[in-house]
$ cat run03.txt   # compact mmCIF, C-alpha atoms
# COMPACT_ATOMS: atom_id res chain seq x y z
CA MET A 371 45.42 -51.57 81.52
CA GLN A 372 47.97 -51.31 78.69
CA ARG A 373 50.21 -54.31 78.14
CA SER A 374 53.92 -53.79 78.52
CA PRO A 375 56.21 -54.59 75.59
CA ARG A 376 57.44 -57.67 77.46
CA ASP A 377 53.88 -59.04 77.73
CA ARG A 378 53.15 -58.62 74.04
CA SER A 379 53.42 -61.49 71.60
CA PRO A 380 56.47 -61.37 69.28
CA LEU A 381 54.20 -60.50 66.36
CA SER A 382 52.41 -57.60 68.05
CA SER A 383 55.62 -56.17 69.50
CA VAL A 384 57.14 -55.93 66.03
CA LEU A 385 54.00 -54.45 64.48
CA ALA A 386 53.90 -51.84 67.24
CA HIS A 387 56.72 -50.00 65.43
CA SER A 388 55.12 -47.52 63.03
CA GLN A 389 58.33 -47.26 60.98
CA PHE A 390 58.50 -51.02 60.61
CA ARG A 391 54.91 -50.98 59.36
CA ALA A 392 55.95 -48.40 56.77
CA LEU A 393 58.94 -50.51 55.69
CA TRP A 394 56.64 -53.51 55.56
CA CYS A 395 54.22 -51.71 53.23
CA VAL A 396 57.08 -50.50 51.03
CA GLY A 397 58.41 -54.04 50.69
CA THR A 398 54.96 -55.44 49.88
CA LEU A 399 54.16 -52.87 47.20
CA HIS A 400 57.64 -53.04 45.69
CA GLU A 401 57.43 -56.81 45.33
CA PHE A 402 53.89 -56.60 43.95
CA ALA A 403 54.97 -54.23 41.18
CA ARG A 404 58.18 -56.17 40.47
CA ARG A 405 56.44 -59.52 40.15
CA MET A 406 53.69 -58.10 37.99
CA GLU A 407 56.26 -56.49 35.68
CA LEU A 408 58.20 -59.76 35.43
CA LEU A 409 55.08 -61.66 34.41
CA VAL A 410 54.03 -59.04 31.86
CA PHE A 411 57.51 -58.89 30.34
CA SER A 412 57.95 -62.68 30.41
CA TRP A 413 54.62 -63.29 28.68
CA LEU A 414 55.42 -60.59 26.10
CA ILE A 415 58.83 -62.10 25.30
CA LEU A 416 57.42 -65.65 25.15
CA GLN A 417 54.62 -64.63 22.78
CA VAL A 418 56.81 -62.49 20.53
CA THR A 419 59.92 -64.68 20.30
CA ASP A 420 58.61 -68.19 21.21
CA SER A 421 62.11 -68.82 22.59
CA TYR A 422 62.91 -70.41 25.97
CA PHE A 423 66.38 -68.87 25.84
CA GLN A 424 65.05 -65.32 25.36
CA LEU A 425 62.49 -65.98 28.09
CA GLY A 426 65.40 -66.83 30.38
CA LEU A 427 67.09 -63.55 29.45
CA VAL A 428 64.35 -61.66 31.33
CA LEU A 429 65.54 -63.13 34.64
CA PHE A 430 69.17 -62.86 33.52
CA PHE A 431 68.99 -59.08 33.03
CA ASN A 432 66.93 -58.69 36.19
CA ASN A 433 69.69 -60.27 38.27
CA VAL A 434 72.94 -59.43 36.47
CA PRO A 435 73.29 -56.03 38.26
CA ARG A 436 73.49 -57.81 41.63
CA PRO A 437 77.06 -59.13 41.40
CA LEU A 438 78.21 -55.83 39.90
CA LEU A 439 76.63 -53.58 42.52
CA ALA A 440 76.17 -55.79 45.57
CA PHE A 441 79.40 -55.03 47.43
CA PHE A 442 79.06 -51.30 46.89
CA SER A 443 75.39 -51.34 47.87
CA GLY A 444 76.43 -52.99 51.13
CA ILE A 445 78.97 -50.24 51.80
CA ILE A 446 76.32 -47.65 50.93
CA ALA A 447 73.98 -49.29 53.45
CA ASP A 448 76.68 -48.93 56.12
CA ARG A 449 77.60 -45.32 55.32
CA VAL A 450 74.66 -43.49 53.66
CA ASN A 451 71.20 -42.52 54.87
CA ARG A 452 69.17 -45.64 54.14
CA GLN A 453 65.94 -43.77 53.63
CA LEU A 454 67.57 -41.70 50.87
CA VAL A 455 68.79 -44.86 49.13
CA LEU A 456 65.27 -46.31 49.12
CA PHE A 457 63.73 -43.07 47.82
CA VAL A 458 66.20 -42.56 44.95
CA SER A 459 65.85 -46.20 43.92
CA GLN A 460 62.06 -45.93 43.82
CA ILE A 461 62.18 -42.74 41.72
CA ALA A 462 64.44 -44.41 39.14
CA THR A 463 62.15 -47.44 38.90
CA THR A 464 59.03 -45.29 38.55
CA LEU A 465 60.53 -43.20 35.74
CA THR A 466 61.56 -46.33 33.82
CA SER A 467 58.08 -47.82 34.16
CA LEU A 468 56.51 -44.58 32.89
CA ILE A 469 58.65 -44.79 29.74
CA VAL A 470 57.57 -48.40 29.16
CA LEU A 471 53.92 -47.49 29.64
CA GLY A 472 54.26 -44.67 27.11
CA LEU A 473 55.59 -47.11 24.51
CA LEU A 474 52.85 -49.66 25.21
CA VAL A 475 50.09 -47.06 24.92
CA TYR A 476 51.51 -45.39 21.79
CA ASP A 477 52.25 -48.54 19.79
CA ILE A 478 53.02 -51.93 21.32
CA SER A 479 54.79 -53.00 18.11
CA LEU A 480 57.50 -50.47 18.97
CA VAL A 481 58.44 -52.46 22.07
CA LYS A 482 61.37 -54.70 21.11
CA PRO A 483 63.00 -57.42 23.23
CA TRP A 484 66.08 -55.26 23.87
CA MET A 485 63.85 -52.54 25.33
CA VAL A 486 62.29 -55.05 27.70
CA TYR A 487 65.75 -56.21 28.76
CA CYS A 488 66.85 -52.61 29.40
CA ALA A 489 63.82 -51.95 31.60
CA ILE A 490 64.39 -55.18 33.52
CA LEU A 491 68.09 -54.31 33.89
CA GLN A 492 67.20 -50.99 35.54
CA GLN A 493 64.73 -52.71 37.84
CA GLY A 494 67.41 -55.19 38.89
CA ALA A 495 69.96 -52.42 39.48
CA SER A 496 67.55 -50.49 41.71
CA ARG A 497 66.75 -53.59 43.69
CA ALA A 498 70.43 -54.46 44.11
CA LEU A 499 71.09 -50.98 45.51
CA GLU A 500 68.12 -50.75 47.85
CA ASP A 501 67.86 -54.30 49.21
CA PRO A 502 70.75 -54.14 51.74
CA SER A 503 69.57 -50.72 52.93
CA ARG A 504 65.96 -51.82 53.39
CA ARG A 505 66.81 -55.03 55.24
CA THR A 506 69.35 -53.43 57.56
CA ALA A 507 66.80 -50.65 58.18
CA ILE A 508 64.48 -53.34 59.55
CA LEU A 509 67.13 -54.25 62.12
CA ASP A 510 67.62 -50.57 62.94
CA VAL A 511 63.93 -50.21 63.69
CA VAL A 512 63.05 -53.41 65.61
CA GLY A 513 66.38 -54.36 67.20
CA GLU A 514 68.15 -57.71 67.42
CA THR A 515 65.76 -59.55 69.76
CA ARG A 516 62.85 -59.32 67.33
CA LEU A 517 64.82 -59.64 64.09
CA VAL A 518 63.60 -63.14 63.13
CA ASN A 519 59.99 -62.12 63.78
CA ALA A 520 60.42 -58.94 61.72
CA LEU A 521 62.12 -60.80 58.89
CA SER A 522 59.32 -63.38 58.91
CA LEU A 523 56.86 -60.54 58.47
CA ASP A 524 59.09 -59.18 55.72
CA VAL A 525 58.87 -62.56 54.01
CA ILE A 526 55.08 -62.33 54.36
CA SER A 527 55.10 -58.94 52.63
CA HIS A 528 57.45 -60.27 49.95
CA THR A 529 55.22 -63.30 49.47
CA THR A 530 52.01 -61.27 49.33
CA GLY A 531 53.42 -59.19 46.51
CA LYS A 532 54.77 -62.33 44.86
CA MET A 533 51.28 -63.85 44.92
CA VAL A 534 49.05 -60.91 44.07
CA GLY A 535 51.28 -59.43 41.35
CA PRO A 536 51.30 -62.43 38.98
CA ILE A 537 47.64 -63.32 39.64
CA LEU A 538 46.40 -59.82 38.87
CA GLY A 539 48.90 -59.50 36.04
CA GLY A 540 47.62 -62.67 34.37
CA VAL A 541 43.98 -61.59 34.70
CA LEU A 542 44.71 -58.13 33.28
CA LEU A 543 46.72 -59.55 30.38
CA ASP A 544 43.70 -61.63 29.38
CA THR A 545 41.21 -58.76 29.85
CA VAL A 546 42.78 -55.34 29.19
CA GLY A 547 46.10 -56.24 27.58
CA TYR A 548 49.67 -55.14 28.23
CA SER A 549 49.07 -51.39 28.60
CA GLY A 550 46.12 -51.87 30.97
CA ALA A 551 48.17 -54.19 33.18
CA TYR A 552 51.07 -51.75 33.24
CA VAL A 553 48.86 -48.89 34.45
CA PHE A 554 48.49 -50.80 37.72
CA VAL A 555 52.26 -51.09 37.99
CA ILE A 556 52.62 -47.31 37.74
CA VAL A 557 49.94 -46.74 40.39
CA VAL A 558 51.76 -49.03 42.82
CA HIS A 559 55.08 -47.25 42.22
CA LEU A 560 53.48 -43.86 42.92
CA VAL A 561 51.84 -45.08 46.13
CA ASN A 562 55.21 -46.44 47.27
CA LEU A 563 56.83 -43.06 46.68
CA GLY A 564 54.20 -41.46 48.90
CA ILE A 565 54.89 -43.91 51.74
CA LEU A 566 58.64 -43.36 51.46
CA THR A 567 58.20 -39.62 52.00
CA ARG A 568 56.73 -40.43 55.44
CA LEU A 569 59.32 -43.04 56.42
CA ARG A 570 61.91 -42.21 59.08
CA VAL A 571 64.83 -44.62 59.40
CA PRO A 572 67.35 -44.17 62.26
CA PRO A 573 70.57 -42.61 60.90
CA VAL A 574 73.59 -44.78 60.20
CA VAL A 575 76.14 -44.77 63.01
CA GLN A 576 79.27 -43.31 61.43
CA ASN A 577 82.70 -44.70 62.30
CA LEU A 578 85.36 -42.13 63.08
CA GLN A 579 87.86 -43.95 60.87
CA ARG A 580 86.68 -45.32 57.56
CA GLU A 581 88.52 -48.05 55.72
CA PRO A 582 89.19 -47.65 52.00
CA VAL A 583 86.50 -49.32 49.90
CA LEU A 584 88.58 -52.25 48.69
CA GLN A 585 90.00 -52.88 52.14
CA SER A 586 86.50 -52.75 53.59
CA LEU A 587 85.30 -55.32 51.07
CA GLY A 588 88.27 -57.55 51.83
CA VAL A 589 87.54 -57.49 55.55
CA ALA A 590 83.93 -58.56 54.94
CA ILE A 591 84.92 -61.40 52.60
CA ARG A 592 87.59 -62.74 54.96
CA TYR A 593 85.17 -62.63 57.87
CA ALA A 594 82.48 -64.53 55.91
CA VAL A 595 84.95 -67.22 54.77
CA ALA A 596 86.15 -67.73 58.36
CA SER A 597 82.61 -68.03 59.73
CA PRO A 598 81.12 -71.55 59.34
CA ALA A 599 77.58 -70.20 59.51
CA LEU A 600 78.11 -67.46 56.92
CA ALA A 601 80.26 -69.58 54.61
CA GLY A 602 77.74 -72.44 54.62
CA MET A 603 74.79 -70.12 54.10
CA LEU A 604 76.45 -68.32 51.17
CA TYR A 605 77.45 -71.65 49.59
CA VAL A 606 73.86 -72.93 49.69
CA THR A 607 72.62 -69.55 48.46
CA ILE A 608 74.78 -69.79 45.33
CA ILE A 609 73.60 -73.35 44.65
CA MET A 610 69.93 -72.46 45.04
CA ASN A 611 70.12 -69.38 42.85
CA ALA A 612 72.19 -71.06 40.15
CA LEU A 613 70.45 -74.43 39.92
CA VAL A 614 67.01 -74.24 41.58
CA PHE A 615 65.39 -70.79 41.57
CA PRO A 616 65.78 -70.19 37.79
CA ILE A 617 62.85 -72.59 37.37
CA GLN A 618 60.58 -69.68 38.34
CA GLN A 619 61.32 -67.95 35.06
CA PHE A 620 60.20 -70.99 33.05
CA ILE A 621 56.84 -71.51 34.77
CA PRO A 622 55.07 -69.50 31.99
CA ALA A 623 56.60 -71.84 29.42
CA ILE A 624 55.56 -74.94 31.37
CA GLY A 625 52.05 -73.53 31.77
CA ARG A 626 51.68 -72.66 28.10
CA ASP A 627 53.45 -75.58 26.42
CA HIS A 628 53.11 -78.47 28.90
CA LEU A 629 49.90 -77.75 30.84
CA HIS A 630 48.28 -75.75 27.98
CA VAL A 631 46.65 -73.01 30.07
CA SER A 632 45.91 -69.30 29.54
CA ALA A 633 47.76 -66.26 30.90
CA THR A 634 45.35 -66.05 33.85
CA LEU A 635 46.12 -69.60 34.99
CA VAL A 636 49.82 -69.07 34.28
CA GLY A 637 49.75 -66.06 36.62
CA LEU A 638 48.08 -68.17 39.29
CA LEU A 639 50.70 -70.88 38.82
CA VAL A 640 53.54 -68.37 39.17
CA ALA A 641 51.98 -67.24 42.46
CA ALA A 642 51.33 -70.77 43.76
CA ASP A 643 54.43 -71.11 45.94
CA GLY A 644 53.43 -67.90 47.66
CA PHE A 645 50.52 -69.62 49.42
CA GLY A 646 52.83 -72.06 51.19
CA GLN A 647 55.44 -69.38 51.78
CA LEU A 648 52.85 -67.15 53.40
CA ALA A 649 51.72 -69.91 55.77
CA GLY A 650 55.30 -70.80 56.72
CA ALA A 651 56.32 -67.20 57.31
CA GLY A 652 53.26 -66.64 59.49
CA LEU A 653 54.24 -69.58 61.70
CA MET A 654 57.80 -68.34 62.10
CA ALA A 655 56.66 -64.79 62.82
CA MET A 656 54.92 -66.10 65.95
CA ARG A 657 57.91 -68.07 67.24
CA ARG A 658 59.54 -66.62 70.32
CA GLN A 659 63.01 -68.08 69.82
CA VAL A 660 64.99 -69.86 67.09
CA THR A 661 68.27 -71.59 67.90
CA TYR A 662 69.14 -73.71 64.86
CA HIS A 663 68.65 -71.17 62.10
CA GLY A 664 70.78 -73.22 59.70
CA ARG A 665 68.60 -76.32 59.96
CA ILE A 666 65.53 -74.39 58.87
CA PHE A 667 67.52 -72.74 56.07
CA VAL A 668 68.99 -75.97 54.65
CA GLY A 669 65.82 -78.00 55.22
CA GLY A 670 63.83 -75.39 53.33
CA SER A 671 66.33 -75.52 50.47
CA ILE A 672 66.00 -79.30 50.14
CA GLY A 673 62.21 -79.12 50.32
CA ILE A 674 62.06 -76.52 47.54
CA THR A 675 64.27 -78.63 45.27
CA ILE A 676 62.38 -81.92 45.73
CA THR A 677 58.95 -80.41 45.13
CA ALA A 678 60.29 -78.54 42.08
CA ILE A 679 61.43 -81.83 40.51
CA MET A 680 57.95 -83.27 41.01
CA PHE A 681 56.29 -80.11 39.64
CA VAL A 682 58.19 -80.19 36.35
CA TRP A 683 56.76 -83.60 35.43
CA SER A 684 53.23 -83.12 36.75
CA PRO A 685 50.67 -83.85 33.99
CA TRP A 686 47.83 -82.01 35.76
CA TYR A 687 47.49 -78.32 36.53
CA ALA A 688 45.94 -78.86 39.99
CA LEU A 689 48.79 -81.13 41.09
CA ALA A 690 51.39 -78.73 39.71
CA PHE A 691 49.80 -75.89 41.66
CA CYS A 692 49.77 -77.92 44.91
CA LEU A 693 53.41 -78.96 44.52
CA LEU A 694 54.53 -75.36 44.08
CA ALA A 695 52.47 -74.35 47.12
CA VAL A 696 54.16 -77.05 49.24
CA GLY A 697 57.54 -75.86 48.00
CA GLY A 698 56.59 -72.40 49.25
CA LEU A 699 56.79 -73.69 52.85
CA GLY A 700 60.46 -74.36 52.26
CA GLN A 701 60.93 -70.93 50.71
CA SER A 702 59.63 -69.24 53.85
CA GLY A 703 62.32 -70.94 55.94
CA PHE A 704 64.99 -70.29 53.33
CA ALA A 705 64.22 -66.57 52.92
CA THR A 706 63.74 -65.76 56.61
CA MET A 707 66.83 -67.58 57.86
CA GLN A 708 69.01 -66.38 55.00
CA SER A 709 68.69 -62.78 56.17
CA ALA A 710 68.73 -63.71 59.86
CA ILE A 711 71.98 -65.70 59.57
CA THR A 712 73.58 -62.92 57.52
CA MET A 713 72.90 -60.25 60.13
CA LEU A 714 73.19 -62.23 63.36
CA ALA A 715 76.46 -63.92 62.41
CA ALA A 716 78.07 -60.59 61.46
CA PRO A 717 79.14 -57.74 63.76
CA GLN A 718 76.98 -54.64 63.82
CA ASP A 719 79.35 -52.45 61.82
CA MET A 720 79.63 -55.08 59.06
CA ARG A 721 75.98 -55.99 58.50
CA GLY A 722 75.43 -53.76 55.50
CA ARG A 723 78.52 -55.16 53.78
CA MET A 724 77.46 -58.71 54.63
CA MET A 725 74.03 -58.06 53.12
CA GLY A 726 75.87 -56.80 50.05
CA LEU A 727 77.93 -60.00 49.97
CA LEU A 728 74.71 -62.01 50.20
CA SER A 729 73.26 -59.99 47.34
CA PHE A 730 76.41 -60.71 45.33
CA CYS A 731 76.06 -64.47 45.87
CA ILE A 732 72.41 -64.30 44.80
CA GLY A 733 73.28 -62.25 41.75
CA VAL A 734 76.27 -64.28 40.60
CA GLY A 735 74.31 -67.53 40.72
CA THR A 736 71.04 -66.54 39.04
CA PRO A 737 72.30 -65.08 35.72
CA VAL A 738 74.61 -68.04 35.08
CA GLY A 739 71.94 -70.56 36.05
CA VAL A 740 69.12 -69.08 34.01
CA LEU A 741 71.31 -68.77 30.89
CA GLU A 742 72.45 -72.38 31.19
CA MET A 743 68.93 -73.65 31.88
CA GLY A 744 67.48 -71.61 29.01
CA TYR A 745 70.12 -72.86 26.59
CA LEU A 746 69.59 -76.51 27.53
CA ALA A 747 65.81 -76.10 27.34
CA SER A 748 66.06 -74.64 23.83
CA ALA A 749 68.55 -77.23 22.62
CA PHE A 750 67.01 -80.33 24.22
CA MET A 751 63.90 -80.55 26.43
CA LEU A 752 62.47 -78.09 28.93
CA GLN A 753 61.59 -80.58 31.68
CA GLY A 754 64.82 -82.52 31.25
CA ALA A 755 66.99 -79.40 31.45
CA ILE A 756 65.28 -78.21 34.62
CA SER A 757 65.40 -81.65 36.28
CA ALA A 758 69.13 -82.03 35.59
CA ASN A 759 69.82 -78.72 37.32
CA LEU A 760 67.65 -79.57 40.32
CA LEU A 761 69.33 -82.96 40.84
CA ALA A 762 72.76 -81.33 40.63
CA GLY A 763 71.64 -78.85 43.30
CA LEU A 764 70.65 -81.65 45.67
CA LEU A 765 74.00 -83.41 45.22
CA LEU A 766 75.99 -80.22 45.83
CA MET A 767 74.09 -79.54 49.08
CA LEU A 768 74.94 -82.94 50.56
CA PRO A 769 78.29 -81.85 52.14
CA VAL A 770 76.51 -79.10 54.08
CA VAL A 771 73.86 -81.53 55.29
CA VAL A 772 76.27 -84.28 56.31
CA ARG A 773 79.15 -82.34 57.89
CA GLY A 774 78.34 -78.63 57.82
CA GLN A 775 78.34 -76.68 61.09
CA LEU A 776 75.51 -74.59 59.63
CA VAL A 777 73.15 -77.53 60.25
CA TRP A 778 74.62 -79.14 63.36
CA GLN A 779 75.56 -76.18 65.54
CA PRO A 780 73.30 -73.41 66.92
CA LEU A 781 73.88 -69.89 65.63
CA ARG A 782 75.80 -67.67 68.03
CA GLN A 783 75.32 -63.93 67.76
CA VAL A 784 78.62 -62.10 67.50
CA SER A 785 79.71 -58.86 69.11
CA THR A 786 80.71 -55.64 67.39
CA ASP A 787 84.34 -56.18 68.45
CA ALA A 788 84.52 -59.30 66.25
CA GLY A 789 84.43 -57.17 63.14
CA ARG A 790 87.34 -55.03 64.26
CA THR A 791 89.58 -58.03 64.79
CA ALA A 792 88.67 -59.74 61.48

$ encode --input "run03.txt" --output "structure tokens"
Amino acid sequence: MQRSPRDRSPLSSVLAHSQFRALWCVGTLHEFARRMELLVFSWLILQVTDSYFQLGLVLFFNNVPRPLLAFFSGIIADRVNRQLVLFVSQIATTLTSLIVLGLLVYDISLVKPWMVYCAILQQGASRALEDPSRRTAILDVVGETRLVNALSLDVISHTTGKMVGPILGGVLLDTVGYSGAYVFVIVVHLVNLGILTRLRVPPVVQNLQREPVLQSLGVAIRYAVASPALAGMLYVTIIMNALVFPIQQFIPAIGRDHLHVSATLVGLLVAADGFGQLAGAGLMAMRRQVTYHGRIFVGGSIGITITAIMFVWSPWYALAFCLLAVGGLGQSGFATMQSAITMLAAPQDMRGRMMGLLSFCIGVGTPVGVLEMGYLASAFMLQGAISANLLAGLLLMLPVVVRGQLVWQPLRQVSTDAGRTA
């Protein structure tokens, strides 16, 4: 006897959607290739320039397109075929990677830092354009009742790519060099293109009357500012991306200069938080109901920051690895609830724009934070610069913890009519 959808577990009911499985694979492969490219480029820049500031520029150029494109990518997600957005973005990324591979194979000495930054800039632009479309496509496929479960699985796919990419990248750098590692990146991009040709995302529901672009953006911003859940979530998002998450870009420097390990062990260290993130996302994917989304989001943020402070000063590789893995548990709550709050606290016809606003807040924080952290690390001390930023992040989150409605009130899903009256 076949089980009805109501009898299925939350996990199996989400995985029953073939189109969600396709989106899941696309997200996994995309993150795998992206993380592997970031490690290869970061190690190349660190070895060639021996500069913490130029190492930070890799993450800067990867994220600077977000604030420039985020609002428009949200509007695109609300108005344009989301499958087409994903396909065009993947083609652009694949072509850029093919050019980089050609340079590496022909003569690696021809690859200059500015070329690396240009390639990373394109990768960041493609991600900024496709991210709102891919995440809102998940909601289109699974519906609102299974959104948290689907987003937890999306975090699992993101984390799997985040783990495997750096680990394999580090091993290949030590064994077959830059060009050999980059061949794997190209293969992943081509496989992703093949999956996207088979994907079928439900079409965007078109409104009969469309607002002008600037007016549409203004409506979304005013709605977010007036919503305690959205305003608190976006505030914490900016803090985390400006003061906490830039530490990821400096893990290769800590591994090489503080822990004195090879590229293989650096790649494993970069992937360490993924082990905890994978475990946390798996637990949330099996939960039937979440009421206090904000508590998980803020608690995860605090957990990430505290373990990061301890990691920076760890004198042993094994302890550093374990601390990053524990911090990954917090990242699973942060990443899952960040998207869930964004979509559940916004009306249906505003979700793409709200995802664009979220992308903007991520993008505006990271470039500023990584530049400031890289400058302080070059001028003073790497561990001291990172610790100062992390402590500032904890202090700035205190108002949300003490008095914020994001933590102390359950999230209420809004109706479509709320967007029309904003």

$ residues_around --input "run03.txt" --residues "A:Gly646" --least-positions-apart "5" --cutoff "7 Å" --atoms "all atoms listed in the file" --output "list in words"
Ala695, Val696, Gly697, Gly698 and Leu699 of chain A

$ closest_atom_pairs --input "run03.txt" --of "stretch 416-518 of chain A" --to "stretch 614-622 of chain A" --cutoff "9 Å" --atoms "all atoms listed in the file" --output "tab-separated table"
residue	atom	partner	partner_atom	distance
A:Leu416	CA	A:Pro622	CA	8.2
A:Tyr422	CA	A:Phe620	CA	7.6
A:Leu425	CA	A:Gln619	CA	7.3
A:Gly426	CA	A:Gln619	CA	6.3
A:Val428	CA	A:Gln619	CA	7.9
A:Leu429	CA	A:Gln619	CA	6.4

$ atom_distance --input "run03.txt" --atom1 "atom CA of A:Leu638" --atom2 "atom CA of A:Ala551"
15.3 Å

$ residues_around --input "run03.txt" --residues "A:Val595" --least-positions-apart "6" --cutoff "10 Å" --atoms "all atoms listed in the file" --output "PyMOL selection string"
chain A and resi 601-602+604

$ residues_around --input "run03.txt" --residues "A:Val682" --least-positions-apart "3" --cutoff "9 Å" --atoms "all atoms listed in the file" --output "ChimeraX atom specification"
/A:617,621,624,677-679,685,690,752-754,756-757

$ closest_residue --input "run03.txt" --among "A:Met713, A:Val455, A:Ala462, A:Val734" --to "A:Leu509" --atoms "only C-alpha atoms"
A:Met713

$ residues_around --input "run03.txt" --residues "A:Leu766" --least-positions-apart "5" --cutoff "9 Å" --atoms "all atoms listed in the file" --output "list in words"
Val606, Ile609 and Leu761 of chain A

$ atom_distance --input "run03.txt" --atom1 "atom CA of A:Ala594" --atom2 "atom CA of A:Ala716"
8.1 Å

$ closest_residue --input "run03.txt" --among "A:Gly625, A:Gly744, A:Gly547, A:Gly664" --to "A:Gln424" --atoms "all atoms listed in the file"
A:Gly744

$ closest_residue --input "run03.txt" --among "A:Leu764, A:Leu635, A:Val458, A:Val384" --to "A:Asp544" --atoms "only C-alpha atoms"
A:Leu635

$ closest_residue --input "run03.txt" --among "A:Leu613, A:Leu727, A:Ala623, A:Leu468" --to "A:Ala758" --atoms "all atoms listed in the file"
A:Leu613

$ closest_residue --input "run03.txt" --among "A:Tyr745, A:Thr736, A:Leu653, A:Ala612" --to "A:Asn759" --atoms "all atoms listed in the file"
A:Ala612

$ residues_around --input "run03.txt" --residues "A:Leu409" --least-positions-apart "2" --cutoff "8 Å" --atoms "only C-alpha atoms" --output "list in words"
Arg405, Met406, Glu407, Phe411, Ser412, Trp413, Pro536, Gly539, Gly540 and Gly637 of chain A

$ closest_atom_pairs --input "run03.txt" --of "stretch 411-502 of chain A" --to "stretch 563-568 of chain A" --cutoff "9 Å" --atoms "only C-alpha atoms" --output "JSON lines"
{"residue": "A:Gln453", "atom": "CA", "partner": "A:Leu566", "partner_atom": "CA", "distance": 7.6}
{"residue": "A:Leu456", "atom": "CA", "partner": "A:Leu566", "partner_atom": "CA", "distance": 7.6}
{"residue": "A:Phe457", "atom": "CA", "partner": "A:Leu566", "partner_atom": "CA", "distance": 6.3}
{"residue": "A:Gln460", "atom": "CA", "partner": "A:Leu563", "partner_atom": "CA", "distance": 6.6}
{"residue": "A:Ile461", "atom": "CA", "partner": "A:Leu563", "partner_atom": "CA", "distance": 7.3}
{"residue": "A:Thr464", "atom": "CA", "partner": "A:Leu563", "partner_atom": "CA", "distance": 8.7}

$ closest_atom_pairs --input "run03.txt" --of "stretch 536-655 of chain A" --to "stretch 473-485 of chain A" --cutoff "9 Å" --atoms "all atoms listed in the file" --output "JSON lines"
{"residue": "A:Tyr548", "atom": "CA", "partner": "A:Leu474", "partner_atom": "CA", "distance": 7.0}
{"residue": "A:Ser549", "atom": "CA", "partner": "A:Leu474", "partner_atom": "CA", "distance": 5.4}
{"residue": "A:Gly550", "atom": "CA", "partner": "A:Val475", "partner_atom": "CA", "distance": 8.7}
{"residue": "A:Tyr552", "atom": "CA", "partner": "A:Leu474", "partner_atom": "CA", "distance": 8.5}

$ write_last_selection --input "run03.txt" --atoms "C-alpha atoms" --output "PDB file, in the coordinates of the input"
ATOM      1  CA  TYR A 548      49.670 -55.140  28.230  1.00  0.00           C
ATOM      2  CA  SER A 549      49.070 -51.390  28.600  1.00  0.00           C
ATOM      3  CA  GLY A 550      46.120 -51.870  30.970  1.00  0.00           C
ATOM      4  CA  TYR A 552      51.070 -51.750  33.240  1.00  0.00           C
TER       5      TYR A 552
END
